[in-house]
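Structure data follow from entry29.cif (mmCIF, C-alpha atoms):
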data_input
loop_
_atom_site.label_atom_id
_atom_site.label_comp_id
_atom_site.auth_asym_id
_atom_site.auth_seq_id
_atom_site.Cartn_x
_atom_site.Cartn_y
_atom_site.Cartn_z
CA MET A 1 55.76 -178.32 -6.99
CA GLN A 2 57.49 -181.19 -8.75
CA ARG A 3 56.15 -184.72 -8.50
CA TYR A 4 57.81 -186.82 -5.82
CA ASP A 5 60.68 -188.90 -7.18
CA VAL A 6 62.80 -190.83 -4.69
CA LYS A 7 66.00 -190.75 -6.76
CA ARG A 8 65.77 -187.00 -7.24
CA PHE A 9 65.08 -186.67 -3.51
CA LEU A 10 68.20 -188.67 -2.67
CA ARG A 11 70.32 -186.65 -5.12
CA GLU A 12 69.19 -183.30 -3.71
CA ALA A 13 68.90 -184.05 0.03
CA PRO A 14 71.90 -182.99 2.17
CA THR A 15 74.13 -185.97 2.92
CA ASP A 16 74.38 -185.29 6.65
CA LEU A 17 70.58 -185.25 7.01
CA LEU A 18 70.17 -188.43 4.99
CA ARG A 19 72.75 -190.12 7.18
CA GLU A 20 71.11 -188.84 10.36
CA PHE A 21 67.68 -190.09 9.25
CA LEU A 22 68.84 -193.48 7.99
CA ALA A 23 70.77 -194.03 11.23
CA THR A 24 67.41 -193.99 13.04
CA GLN A 25 66.22 -196.71 10.63
CA ASP A 26 69.29 -198.95 11.14
CA LEU A 27 70.38 -198.48 7.53
CA GLU A 28 73.21 -195.97 7.95
CA GLY A 29 75.84 -198.51 8.99
CA HIS A 30 75.41 -200.55 5.81
CA LEU A 31 76.45 -197.69 3.51
CA ASP A 32 79.79 -196.26 2.42
CA TRP A 33 79.31 -192.54 3.01
CA SER A 34 82.68 -191.72 1.45
CA ALA A 35 81.58 -193.08 -1.93
CA PRO A 36 80.95 -190.66 -4.86
CA ARG A 37 77.52 -189.06 -4.73
CA GLN A 38 76.11 -191.01 -7.65
CA GLN A 39 77.21 -194.31 -6.14
CA LEU A 40 75.91 -193.32 -2.72
CA VAL A 41 72.48 -192.46 -4.15
CA HIS A 42 72.41 -195.84 -5.89
CA ASP A 43 73.37 -197.66 -2.69
CA ILE A 44 70.74 -195.83 -0.58
CA PHE A 45 68.10 -196.52 -3.20
CA SER A 46 68.98 -200.21 -3.21
CA ALA A 47 68.99 -200.37 0.60
CA ILE A 48 65.52 -198.84 0.78
CA ALA A 49 64.18 -201.11 -1.96
CA SER A 50 65.39 -204.23 -0.13
CA ALA A 51 64.26 -203.10 3.32
CA PRO A 52 61.39 -204.88 5.11
CA VAL A 53 57.99 -203.71 3.87
CA ALA A 54 57.11 -201.74 7.02
CA LEU A 55 60.44 -199.89 6.94
CA TYR A 56 60.16 -199.32 3.18
CA ARG A 57 56.74 -197.72 3.70
CA HIS A 58 57.91 -195.54 6.58
CA ILE A 59 60.89 -194.19 4.65
CA HIS A 60 58.86 -193.29 1.59
CA CYS A 61 56.12 -191.67 3.70
CA THR A 62 58.78 -189.59 5.41
CA PHE A 63 60.39 -188.52 2.15
CA ARG A 64 57.01 -187.63 0.66
CA ALA A 65 56.12 -185.54 3.72
CA VAL A 66 59.41 -183.64 3.47
CA HIS A 67 58.86 -183.21 -0.26
CA GLN A 68 55.56 -181.40 0.42
CA LEU A 69 57.49 -178.53 2.05
CA ALA A 70 60.51 -178.69 -0.27
CA ASP A 71 59.85 -175.54 -2.30
CA ALA A 72 60.07 -171.81 -1.71
CA ASP A 73 56.53 -171.56 -0.33
CA GLY A 74 57.13 -174.49 1.99
CA ALA A 75 60.33 -172.91 3.31
CA ASN A 76 58.49 -169.61 3.88
CA THR A 77 55.76 -171.48 5.77
CA LEU A 78 58.35 -173.10 8.03
CA ALA A 79 60.13 -169.77 8.60
CA ALA A 80 56.85 -168.02 9.47
CA GLU A 81 55.94 -170.71 11.99
CA MET A 82 59.39 -170.47 13.55
CA ASP A 83 58.92 -166.70 13.83
CA ARG A 84 55.49 -167.16 15.43
CA ARG A 85 56.96 -169.55 17.98
CA ARG A 86 59.86 -167.17 18.65
CA VAL A 87 62.48 -169.89 18.40
CA GLY A 88 66.02 -169.09 19.49
CA ARG A 89 68.80 -167.67 17.38
CA LYS A 90 70.64 -171.00 17.35
CA THR A 91 67.62 -172.75 15.85
CA ILE A 92 67.31 -170.12 13.12
CA GLU A 93 71.00 -170.41 12.30
CA SER A 94 70.74 -174.20 12.03
CA PHE A 95 67.70 -173.88 9.77
CA THR A 96 69.28 -171.31 7.43
CA GLU A 97 72.53 -173.28 7.30
CA TYR A 98 70.83 -175.33 4.57
CA PRO A 99 70.49 -173.24 1.40
CA THR A 100 67.75 -175.29 -0.27
CA PRO A 101 64.07 -175.68 0.70
CA LEU A 102 64.54 -179.46 0.73
CA GLY A 103 67.39 -179.22 3.21
CA GLN A 104 65.42 -176.84 5.43
CA ALA A 105 62.31 -179.04 5.35
CA PHE A 106 64.34 -182.19 6.10
CA TRP A 107 66.12 -180.47 8.99
CA ALA A 108 62.80 -179.29 10.46
CA TYR A 109 61.38 -182.82 10.21
CA LEU A 110 64.35 -184.26 12.11
CA HIS A 111 64.83 -181.57 14.75
CA HIS A 112 61.43 -179.89 15.19
CA PRO A 113 58.79 -182.49 14.26
CA ASP A 114 55.86 -180.53 15.77
CA LEU A 115 56.80 -177.36 13.91
CA PHE A 116 57.17 -179.43 10.75
CA ALA A 117 53.76 -181.12 11.20
CA VAL A 118 51.92 -177.81 11.75
CA SER A 119 53.67 -176.17 8.79
CA ARG A 120 52.66 -179.12 6.64
CA LEU A 121 49.02 -178.59 7.63
CA PHE A 122 49.26 -174.91 6.69
CA ARG A 123 50.87 -175.79 3.35
CA SER A 124 48.13 -178.30 2.55
CA ALA A 125 45.54 -175.61 3.27
CA ASP A 126 47.37 -173.07 1.07
CA LEU A 127 47.20 -175.48 -1.87
CA LEU A 128 43.43 -175.95 -1.72
CA PRO A 129 41.74 -174.29 -4.72
CA ARG A 130 38.22 -173.76 -3.35
CA TRP A 131 37.22 -171.80 -0.25
CA HIS A 132 33.95 -170.30 0.86
CA ARG A 133 34.66 -166.90 2.38
CA SER A 134 32.25 -164.65 4.23
CA CYS A 135 32.28 -161.63 6.49
CA VAL A 136 31.27 -162.26 10.09
CA PRO A 137 30.43 -159.86 12.92
CA PRO A 138 33.15 -159.09 15.47
CA ALA A 139 33.40 -161.88 18.02
CA THR A 140 35.93 -163.22 20.50
CA PRO A 141 36.42 -166.99 20.23
CA LEU A 142 35.83 -169.15 23.27
CA PRO A 143 38.91 -170.42 25.14
CA PRO A 144 40.90 -172.70 22.80
CA GLU A 145 40.32 -175.98 24.64
CA GLU A 146 36.57 -175.42 24.99
CA ALA A 147 36.17 -174.19 21.40
CA THR A 148 38.08 -177.14 19.98
CA ARG A 149 36.09 -179.65 22.01
CA ARG A 150 32.75 -178.12 21.08
CA LEU A 151 33.65 -177.92 17.40
CA ARG A 152 34.75 -181.56 17.39
CA ASP A 153 31.61 -182.77 19.16
CA ASP A 154 29.30 -180.65 17.01
CA LEU A 155 30.89 -181.77 13.74
CA ARG A 156 30.64 -185.42 14.73
CA ALA A 157 27.00 -185.01 15.72
CA TYR A 158 26.16 -183.06 12.55
CA TYR A 159 27.60 -185.67 10.21
CA LYS A 160 26.16 -188.59 12.16
CA GLU A 161 22.67 -187.10 12.12
CA ASN A 162 22.72 -185.96 8.50
CA GLN A 163 25.05 -188.30 6.64
CA ASP A 164 25.64 -191.35 8.88
CA ARG A 165 29.40 -190.77 9.01
CA GLY A 166 31.72 -188.82 11.30
CA TYR A 167 31.53 -191.35 14.14
CA GLY A 168 35.17 -190.63 14.86
CA GLY A 169 36.73 -187.23 14.56
CA GLU A 170 39.45 -184.93 15.81
CA VAL A 171 40.06 -181.19 15.54
CA GLN A 172 43.36 -179.34 15.79
CA ARG A 173 43.61 -175.60 16.38
CA HIS A 174 46.65 -173.63 15.20
CA PRO A 175 47.13 -169.82 15.15
CA ARG A 176 48.81 -168.23 12.14
CA ASP A 177 49.49 -164.46 11.96
CA THR A 178 46.10 -162.76 12.48
CA ARG A 179 44.22 -165.95 11.60
CA CYS A 180 43.36 -169.09 13.50
CA TYR A 181 42.96 -172.43 11.72
CA TRP A 182 40.82 -175.36 12.81
CA PHE A 183 41.71 -178.59 11.02
CA ALA A 184 39.03 -181.25 11.37
CA CYS A 185 39.43 -184.88 10.26
CA LEU A 186 36.31 -187.04 10.50
CA GLN A 187 35.65 -190.71 9.87
CA ASP A 188 34.28 -191.29 6.37
CA TYR A 189 32.08 -194.04 4.95
CA PRO A 190 33.64 -197.49 4.58
CA LYS A 191 35.39 -197.79 1.25
CA GLU A 192 36.64 -200.82 -0.59
CA VAL A 193 40.18 -200.27 -1.88
CA ARG A 194 42.76 -202.37 -3.67
CA LEU A 195 46.13 -202.37 -1.95
CA TYR A 196 49.26 -204.44 -1.53
CA ASP A 197 49.80 -206.32 1.72
CA ASP A 198 53.05 -206.96 3.59
CA ASP A 199 53.86 -209.79 1.16
CA ARG A 200 53.34 -207.35 -1.73
CA GLN A 201 50.28 -209.29 -2.86
CA LEU A 202 47.31 -207.37 -4.28
CA GLN A 203 44.34 -207.55 -1.92
CA THR A 204 40.97 -205.90 -1.46
CA ALA A 205 40.37 -204.25 1.91
CA THR A 206 37.63 -202.18 3.48
CA LEU A 207 38.89 -198.99 5.08
CA GLU A 208 37.28 -196.00 6.79
CA LEU A 209 39.42 -193.08 5.76
CA GLY A 210 39.23 -189.55 7.13
CA PHE A 211 37.77 -186.53 5.34
CA ALA A 212 38.96 -183.02 6.04
CA ILE A 213 37.25 -179.72 6.84
CA ILE A 214 39.27 -176.56 7.46
CA PHE A 215 37.99 -173.37 9.10
CA VAL A 216 40.06 -170.17 9.03
CA TYR A 217 38.84 -167.34 11.23
CA ASP A 218 40.45 -163.90 11.05
CA GLN A 219 39.16 -161.90 14.01
CA GLN A 220 40.97 -158.74 12.94
CA ALA A 221 39.58 -158.78 9.38
CA GLY A 222 36.19 -160.17 10.41
CA THR A 223 36.26 -163.07 7.93
CA LEU A 224 35.63 -166.80 8.02
CA ALA A 225 36.85 -169.16 5.29
CA ILE A 226 35.75 -172.79 5.02
CA ALA A 227 37.20 -175.54 2.85
CA CYS A 228 35.03 -178.63 2.56
CA LYS A 229 33.33 -180.86 0.01
CA GLY A 230 29.64 -180.15 -0.47
CA ASN A 231 27.19 -177.66 -1.88
CA LEU A 232 26.61 -174.11 -0.66
CA GLU A 233 23.79 -175.12 1.68
CA HIS A 234 26.06 -177.63 3.39
CA THR A 235 28.84 -175.06 3.73
CA LEU A 236 26.46 -172.51 5.26
CA ASP A 237 25.42 -175.13 7.82
CA LEU A 238 29.08 -175.53 8.79
CA GLN A 239 29.40 -171.75 9.00
CA ARG A 240 26.55 -171.61 11.48
CA LEU A 241 27.93 -174.54 13.41
CA PHE A 242 31.34 -172.87 13.69
CA GLY A 243 29.74 -169.64 14.90
CA ARG A 244 27.93 -171.43 17.70
CA ALA A 245 30.73 -173.78 18.74
CA VAL A 246 33.74 -171.44 18.52
CA LEU A 247 32.51 -167.83 18.51
CA ASN A 248 29.35 -168.35 20.57
CA VAL A 249 27.43 -166.16 18.11
CA GLU A 250 24.74 -166.84 15.54
CA LEU A 251 26.03 -166.40 12.00
CA PRO A 252 23.29 -165.79 9.40
CA ARG A 253 22.78 -168.20 6.54
CA ASP A 254 22.43 -165.40 4.00
CA GLY A 255 23.52 -161.84 3.44
CA ALA A 256 20.26 -160.36 4.75
CA GLY A 257 21.12 -161.31 8.31
CA GLU A 258 18.65 -161.44 11.17
CA VAL A 259 16.44 -158.79 12.67
CA TYR A 260 15.71 -160.80 15.82
CA HIS A 261 18.38 -162.90 17.53
CA LEU A 262 16.19 -165.78 18.65
CA GLN A 263 19.06 -168.22 19.16
CA ARG A 264 19.85 -166.43 22.41
CA LEU A 265 16.56 -167.61 23.86
CA LEU A 266 17.70 -171.22 23.59
CA ASP A 267 19.85 -170.51 26.66
CA PRO A 268 17.76 -171.15 29.80
CA ALA A 269 20.09 -168.87 31.79
CA LEU A 270 19.48 -165.85 29.54
CA PRO A 271 18.11 -163.09 31.79
CA LEU A 272 14.99 -161.17 30.73
CA PRO A 273 15.18 -158.33 33.27
CA LEU A 274 12.25 -156.01 33.99
CA THR A 275 12.03 -152.80 36.01
CA PRO A 276 9.09 -151.25 37.90
CA GLU A 277 8.88 -148.58 35.21
CA ASP A 278 8.17 -151.10 32.43
CA GLN A 279 4.62 -151.72 31.28
CA VAL A 280 5.41 -155.45 31.33
CA GLU A 281 5.53 -156.97 34.81
CA ALA A 282 6.27 -160.63 33.88
CA VAL A 283 7.64 -162.52 30.89
CA HIS A 284 8.49 -166.11 30.03
CA VAL A 285 9.09 -168.17 26.90
CA GLN A 286 5.84 -169.99 26.10
CA TYR A 287 6.98 -171.88 23.01
CA ILE A 288 10.08 -172.44 20.92
CA GLY A 289 10.17 -173.78 17.37
CA ILE A 290 13.42 -175.49 16.43
CA GLU A 291 14.91 -177.28 13.44
CA PHE A 292 17.98 -179.47 13.26
CA LEU A 293 21.01 -178.03 11.50
CA GLY A 294 21.20 -179.70 8.11
CA GLN A 295 17.59 -180.91 8.22
CA ARG A 296 15.37 -177.94 7.52
CA ARG A 297 12.39 -180.17 6.81
CA ARG A 298 12.61 -181.64 10.28
CA SER A 299 11.27 -179.27 12.93
CA ILE A 300 9.75 -179.42 16.40
CA THR A 301 7.76 -176.91 18.41
CA VAL A 302 7.64 -177.23 22.19
CA ASN A 303 4.87 -175.33 23.94
CA THR A 304 4.01 -175.09 27.63
CA GLY A 305 0.79 -173.17 27.03
CA SER A 306 0.02 -170.28 29.33
CA SER A 307 0.89 -172.17 32.52
CA GLY A 308 3.59 -169.70 33.46
CA GLU A 309 6.26 -172.34 33.96
CA THR A 310 9.29 -170.22 33.22
CA ASP A 311 11.62 -173.20 32.80
CA GLY A 312 9.13 -175.57 31.18
CA VAL A 313 10.12 -174.97 27.56
CA HIS A 314 13.82 -175.41 28.23
CA GLU A 315 13.22 -178.59 30.19
CA MET A 316 11.34 -179.94 27.17
CA ILE A 317 14.21 -178.86 24.89
CA ASP A 318 16.59 -180.80 27.13
CA ARG A 319 14.47 -183.91 26.61
CA VAL A 320 14.58 -183.38 22.84
CA VAL A 321 18.37 -183.02 22.90
CA SER A 322 18.70 -186.12 25.07
CA GLY A 323 16.30 -188.16 22.95
CA PHE A 324 17.98 -187.35 19.65
CA HIS A 325 21.51 -187.43 21.11
CA VAL A 326 22.47 -184.10 19.55
CA PRO A 327 24.23 -181.10 21.14
CA ARG A 328 22.36 -177.82 21.48
CA ASP A 329 24.62 -176.22 18.87
CA LEU A 330 22.78 -178.28 16.22
CA LEU A 331 19.41 -176.72 17.11
CA THR A 332 18.29 -173.63 15.20
CA VAL A 333 15.49 -171.51 16.67
CA THR A 334 12.92 -170.70 13.98
CA GLN A 335 10.18 -169.09 16.09
CA ILE A 336 9.55 -167.92 19.63
CA GLY A 337 6.45 -167.11 21.64
CA LEU A 338 6.99 -164.65 24.51
CA HIS A 339 4.19 -164.65 27.07
CA LEU A 340 3.92 -161.13 28.53
CA THR A 341 1.85 -159.84 31.43
CA VAL A 342 1.09 -156.13 31.11
CA ARG A 343 0.62 -154.23 34.35
CA ALA A 344 -2.82 -153.13 35.48
CA SER A 345 -3.53 -149.47 34.80
CA ALA A 346 -6.49 -147.05 35.03
CA GLY A 347 -8.74 -149.65 36.60
CA ARG A 348 -7.84 -152.23 33.94
CA PRO A 349 -6.66 -155.62 35.25
CA PRO A 350 -3.35 -157.12 34.10
CA VAL A 351 -3.44 -158.23 30.49
CA SER A 352 -1.68 -161.32 29.10
CA GLN A 353 -0.39 -161.36 25.55
CA VAL A 354 1.80 -163.66 23.48
CA ILE A 355 4.29 -161.99 21.16
CA HIS A 356 5.28 -164.10 18.17
CA LEU A 357 8.76 -163.72 16.70
CA THR A 358 10.73 -165.24 13.84
CA PRO A 359 14.24 -164.17 12.80
CA GLN A 360 12.63 -161.63 10.41
CA TYR A 361 9.26 -160.76 11.99
CA CYS A 362 7.65 -159.65 15.23
CA SER A 363 3.90 -159.37 15.93
CA CYS A 364 4.41 -156.51 18.37
CA THR A 365 1.90 -154.25 16.60
CA GLU A 366 -0.81 -156.22 18.39
CA GLY A 367 -1.66 -155.03 21.89
CA PRO A 368 -0.87 -152.00 24.02
CA LEU A 369 2.92 -152.34 24.16
CA GLY A 370 4.33 -150.08 21.46
CA GLU A 371 7.73 -148.56 22.13
CA ASP A 372 8.07 -150.27 25.51
CA LEU A 373 8.39 -153.68 23.85
CA ARG A 374 10.97 -152.31 21.42
CA GLN A 375 13.14 -151.24 24.34
CA LEU A 376 12.67 -154.56 26.14
CA LEU A 377 13.77 -156.49 23.08
CA ARG A 378 16.87 -154.31 22.91
CA ARG A 379 17.58 -154.80 26.62
CA TRP A 380 17.35 -158.57 26.26
CA GLY A 381 19.68 -158.58 23.26
CA ILE A 382 17.01 -159.94 20.92
CA TYR A 383 16.82 -156.83 18.74
CA ASP A 384 19.63 -154.35 18.12
CA ARG A 385 19.01 -152.74 14.73
CA ALA A 386 18.46 -149.01 14.66
CA ASP A 387 17.34 -148.90 11.03
CA CYS A 388 14.44 -151.35 11.21
CA ASP A 389 10.98 -151.02 12.67
CA PRO A 390 10.40 -154.17 14.77
CA ALA A 391 6.68 -153.72 14.36
CA ALA A 392 6.81 -154.61 10.69
CA PRO A 393 7.90 -157.69 8.80
CA SER A 394 11.33 -157.45 7.18
CA ASP A 395 11.70 -158.01 3.47
#
What does the file become when written as structure tokens?
Amino acid sequence: MQRYDVKRFLREAPTDLLREFLATQDLEGHLDWSAPRQQLVHDIFSAIASAPVALYRHIHCTFRAVHQLADADGANTLAAEMDRRRVGRKTIESFTEYPTPLGQAFWAYLHHPDLFAVSRLFRSADLLPRWHRSCVPPATPLPPEEATRRLRDDLRAYYKENQDRGYGGEVQRHPRDTRCYWFACLQDYPKEVRLYDDDRQLQTATLELGFAIIFVYDQQAGTLAIACKGNLEHTLDLQRLFGRAVLNVELPRDGAGEVYHLQRLLDPALPLPLTPEDQVEAVHVQYIGIEFLGQRRRSITVNTGSSGETDGVHEMIDRVVSGFHVPRDLLTVTQIGLHLTVRASAGRPPVSQVIHLTPQYCSCTEGPLGEDLRQLLRRWGIYDRADCDPAAPSD
């Protein structure tokens, strides 16, 4: 893409669109539109240069925005978004009436500003050089409004807790072919910048700009791409956060994955059903070890002992969440203790046992449970791998 140049823009932009735009800025009536093109360009340039500062800024920002879509790729992006929205034949004819990408982009800006704005977001994403891509298990995203809200709140909380920024933030969700994009813009640290004020005098000002994070989830291909600034560890944190907030699944931090899905047990409503045929007659979560996403050296273990309070651990977790002002999506379960009561048999009284689990290990070789515990873990959705013995640590 060529560098933005206002005179080249004025030379190449369709005259009718320039006139339409400048009429909205109260500049159209001051120009002789019947003048030769070279003279007209000179007159428009002079009118913009002598306009009030606020109007001067607005015009150049508009031209620069149009310029970002004024090439073949930008025109294709606009056309694809029009196709996705199933716009009418008349709209397509008006769009294709202009033979150049600049004319098509300018027309879209004037007549379909929302389509233009979304296409501009897509184009900015296409131009990014660095993405972290990974395969993710099949998952259906949460409803759009809920997913967008959770992602926004979780991102703000993550950056506030870990980096003391992100106090403001918004997320936009936009589908594109088989993919869905989430564009996040969060409040950055204060920054001192040198800029020119309305009197065109050089000043120093403190601004809090926005920084961008883009997530692209392709449900059909089973891939997630993330564009952000930061190291791999930071990006993997965002991958996990996206999985919890949008897909409602736990995405592993590494390629090895998990043997035991402990994150499920953070939900107090998760059922742990038992039948009369099971050796185990009662079960509850005795302790949960958690760490805060982005702060792996900061962990907490909540333990109710063997009191049998089935909701005690989760009530304590609620106090932790409330005290630290973080959403549950920022908590990662690192260990679980399941308190089991084994039925009485052959004159033996009921036996209590605590099973210890981490994402890669289960202590189920201890005690008289054997295969029964394996099936219970499957039933509860904690273990689902057919190629791994849950009685042994995983490499």
Residues of segment 193-297 of chain A that have any atom at most 9 Å from an atom of segment 323-340 of chain A: could you tabulate them with the shortest-distance atom pair and the distance in Å to one decimal, using only C-alpha atoms, ordered by chain and increasing number, as a Markdown table?
| residue | atom | partner | partner_atom | distance |
| --- | --- | --- | --- | --- |
| A:Arg240 | CA | A:Asp329 | CA | 8.9 |
| A:Leu241 | CA | A:Asp329 | CA | 6.6 |
| A:Arg244 | CA | A:Asp329 | CA | 5.9 |
| A:Ala245 | CA | A:Asp329 | CA | 6.6 |
| A:Leu262 | CA | A:Val333 | CA | 6.1 |
| A:Gln263 | CA | A:Val333 | CA | 5.5 |
| A:Arg264 | CA | A:Val333 | CA | 8.8 |
| A:Leu265 | CA | A:Ile336 | CA | 8.2 |
| A:Leu266 | CA | A:Val333 | CA | 7.3 |
| A:Val280 | CA | A:Leu340 | CA | 6.5 |
| A:Glu281 | CA | A:Leu340 | CA | 7.7 |
| A:Ala282 | CA | A:Leu340 | CA | 5.9 |
| A:Val283 | CA | A:Leu340 | CA | 4.6 |
| A:His284 | CA | A:His339 | CA | 5.4 |
| A:Val285 | CA | A:Leu338 | CA | 4.7 |
| A:Gln286 | CA | A:Gly337 | CA | 5.3 |
| A:Tyr287 | CA | A:Gly337 | CA | 5.0 |
| A:Ile288 | CA | A:Ile336 | CA | 4.7 |
| A:Gly289 | CA | A:Gln335 | CA | 4.9 |
| A:Ile290 | CA | A:Val333 | CA | 4.5 |
| A:Glu291 | CA | A:Thr332 | CA | 5.3 |
| A:Phe292 | CA | A:Leu331 | CA | 4.9 |
| A:Leu293 | CA | A:Leu330 | CA | 5.0 |
| A:Gly294 | CA | A:Leu330 | CA | 8.4 |
Using only C-alpha atoms: which of A:Asn231, A:Gln219, A:Gln201, A:Ser352 has the shortest distance to Arg130 of chain A: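 For Arg130 of chain A, the nearest of the given residues is A:Asn231.
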For each of A:His356, A:Arg64, A:Asp267, A:Ala227, take the minimum atom-to-atom distance to Leu128 of chain A, counting all atoms listed in the file, then give the residue where this is smallest. A:Ala227
Please write as a count of residues only the full residue list that the PyMOL selection byres ((chain A and resi 97-107) around 12) yields on this file. 54
Name every residue that the PyMOL selection byres ((chain A and resi 155) around 9) selects in this structure, writing the answer as a list in words with chains first and numbers rising.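 This file, filtered by the PyMOL selection byres ((chain A and resi 155) around 9), leaves Arg150, Leu151, Arg152, Asp153, Asp154, Arg156, Ala157, Tyr158, Tyr159, Lys160, Gly166, Gly169, Ala184, Leu186, Leu238, Leu241 and Phe242 of chain A.
Neighbours of segment 247-249 of chain A closer than or equal to 8 Å, with all atoms listed in the file counted and sequence neighbours fewer than 4 positions away skipped, come out as Ala139, Thr140, Pro141, Leu142, Ala147, Phe242 and Gly243 of chain A.
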Just the number, please: distance in Å from atom CA of Thr301 of chain A to atom CA of Asp164 of chain A, one decimal. 24.9 Å
Quick check on the file I pasted: which residues fall under the PyMOL selection byres ((chain A and resi 191) around 12)? Write them as a list in words.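 This file gives the following for the PyMOL selection byres ((chain A and resi 191) around 12): Gln187, Asp188, Tyr189, Pro190, Glu192, Val193, Arg194, Thr204, Ala205, Thr206, Leu207, Glu208, Leu209 and Gly210 of chain A.
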Near Gln239 of chain A, within 10 Å and counting only C-alpha atoms, which residues show up once chain neighbours fewer than 6 positions away are dropped, as JSON, numbers by chain? {"A": [132, 133, 134, 136, 215, 224, 225, 226, 233, 250, 251, 252, 253]}
Can you tell me how far atom CA of Pro268 of chain A sits from atom CA of Gly222 of chain A, in Å to one decimal?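 Going from atom CA of Pro268 of chain A over to atom CA of Gly222 of chain A, I get 28.9 Å.
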Between atom CA of Asp197 of chain A and atom CA of Ile44 of chain A, what is the spacing in Å? 23.5 Å
Which residues are close to Ile59 of chain A, i.e. within 9 Å by all atoms listed in the file, leaving aside same-chain residues fewer than 4 positions away? Reply as number ranges by chain. A: 22, 25, 48, 54-55, 63-64
Restricting the output to C-alpha atoms, write the selected residues as a short mmCIF file (atom, residue, chain, number, x, y, z; two decimals), keeping the file's coordinate frame.
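Okay, this is what ended up in again_7.cif:
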data_model
loop_
_atom_site.label_atom_id
_atom_site.label_comp_id
_atom_site.auth_asym_id
_atom_site.auth_seq_id
_atom_site.Cartn_x
_atom_site.Cartn_y
_atom_site.Cartn_z
CA LEU A 22 68.84 -193.48 7.99
CA GLN A 25 66.22 -196.71 10.63
CA ILE A 48 65.52 -198.84 0.78
CA ALA A 54 57.11 -201.74 7.02
CA LEU A 55 60.44 -199.89 6.94
CA PHE A 63 60.39 -188.52 2.15
CA ARG A 64 57.01 -187.63 0.66
#
Would you mind putting back N, CA and C atoms on segment 309-323 of chain A, then writing it out as a PDB file, keeping the file's coordinate frame?
ATOM      1  N   GLU A 309       5.047-171.625  33.560  1.00  0.00           N
ATOM      2  CA  GLU A 309       6.260-172.340  33.960  1.00  0.00           C
ATOM      3  C   GLU A 309       7.444-171.746  33.209  1.00  0.00           C
ATOM      4  N   THR A 310       8.226-170.959  33.898  1.00  0.00           N
ATOM      5  CA  THR A 310       9.290-170.220  33.220  1.00  0.00           C
ATOM      6  C   THR A 310      10.379-171.130  32.672  1.00  0.00           C
ATOM      7  N   ASP A 311      10.571-172.298  33.266  1.00  0.00           N
ATOM      8  CA  ASP A 311      11.620-173.200  32.800  1.00  0.00           C
ATOM      9  C   ASP A 311      11.051-174.376  32.013  1.00  0.00           C
ATOM     10  N   GLY A 312       9.739-174.406  31.814  1.00  0.00           N
ATOM     11  CA  GLY A 312       9.130-175.570  31.180  1.00  0.00           C
ATOM     12  C   GLY A 312       9.608-175.832  29.777  1.00  0.00           C
ATOM     13  N   VAL A 313       9.701-174.796  28.947  1.00  0.00           N
ATOM     14  CA  VAL A 313      10.120-174.970  27.560  1.00  0.00           C
ATOM     15  C   VAL A 313      11.539-175.516  27.492  1.00  0.00           C
ATOM     16  N   HIS A 314      12.425-174.981  28.300  1.00  0.00           N
ATOM     17  CA  HIS A 314      13.820-175.410  28.230  1.00  0.00           C
ATOM     18  C   HIS A 314      13.999-176.821  28.771  1.00  0.00           C
ATOM     19  N   GLU A 315      13.181-177.204  29.730  1.00  0.00           N
ATOM     20  CA  GLU A 315      13.220-178.590  30.190  1.00  0.00           C
ATOM     21  C   GLU A 315      12.791-179.532  29.069  1.00  0.00           C
ATOM     22  N   MET A 316      11.785-179.129  28.304  1.00  0.00           N
ATOM     23  CA  MET A 316      11.340-179.940  27.170  1.00  0.00           C
ATOM     24  C   MET A 316      12.416-179.989  26.085  1.00  0.00           C
ATOM     25  N   ILE A 317      13.108-178.873  25.857  1.00  0.00           N
ATOM     26  CA  ILE A 317      14.210-178.860  24.890  1.00  0.00           C
ATOM     27  C   ILE A 317      15.297-179.837  25.324  1.00  0.00           C
ATOM     28  N   ASP A 318      15.590-179.864  26.629  1.00  0.00           N
ATOM     29  CA  ASP A 318      16.590-180.800  27.130  1.00  0.00           C
ATOM     30  C   ASP A 318      16.205-182.243  26.825  1.00  0.00           C
ATOM     31  N   ARG A 319      14.922-182.554  26.923  1.00  0.00           N
ATOM     32  CA  ARG A 319      14.470-183.910  26.610  1.00  0.00           C
ATOM     33  C   ARG A 319      14.649-184.206  25.126  1.00  0.00           C
ATOM     34  N   VAL A 320      14.384-183.200  24.289  1.00  0.00           N
ATOM     35  CA  VAL A 320      14.580-183.380  22.840  1.00  0.00           C
ATOM     36  C   VAL A 320      16.044-183.664  22.546  1.00  0.00           C
ATOM     37  N   VAL A 321      16.935-182.849  23.131  1.00  0.00           N
ATOM     38  CA  VAL A 321      18.370-183.020  22.900  1.00  0.00           C
ATOM     39  C   VAL A 321      18.818-184.396  23.363  1.00  0.00           C
ATOM     40  N   SER A 322      18.319-184.817  24.532  1.00  0.00           N
ATOM     41  CA  SER A 322      18.700-186.120  25.070  1.00  0.00           C
ATOM     42  C   SER A 322      18.155-187.255  24.207  1.00  0.00           C
ATOM     43  N   GLY A 323      16.916-187.093  23.733  1.00  0.00           N
ATOM     44  CA  GLY A 323      16.300-188.160  22.950  1.00  0.00           C
ATOM     45  C   GLY A 323      16.940-188.353  21.590  1.00  0.00           C
TER      46      GLY A 323
END
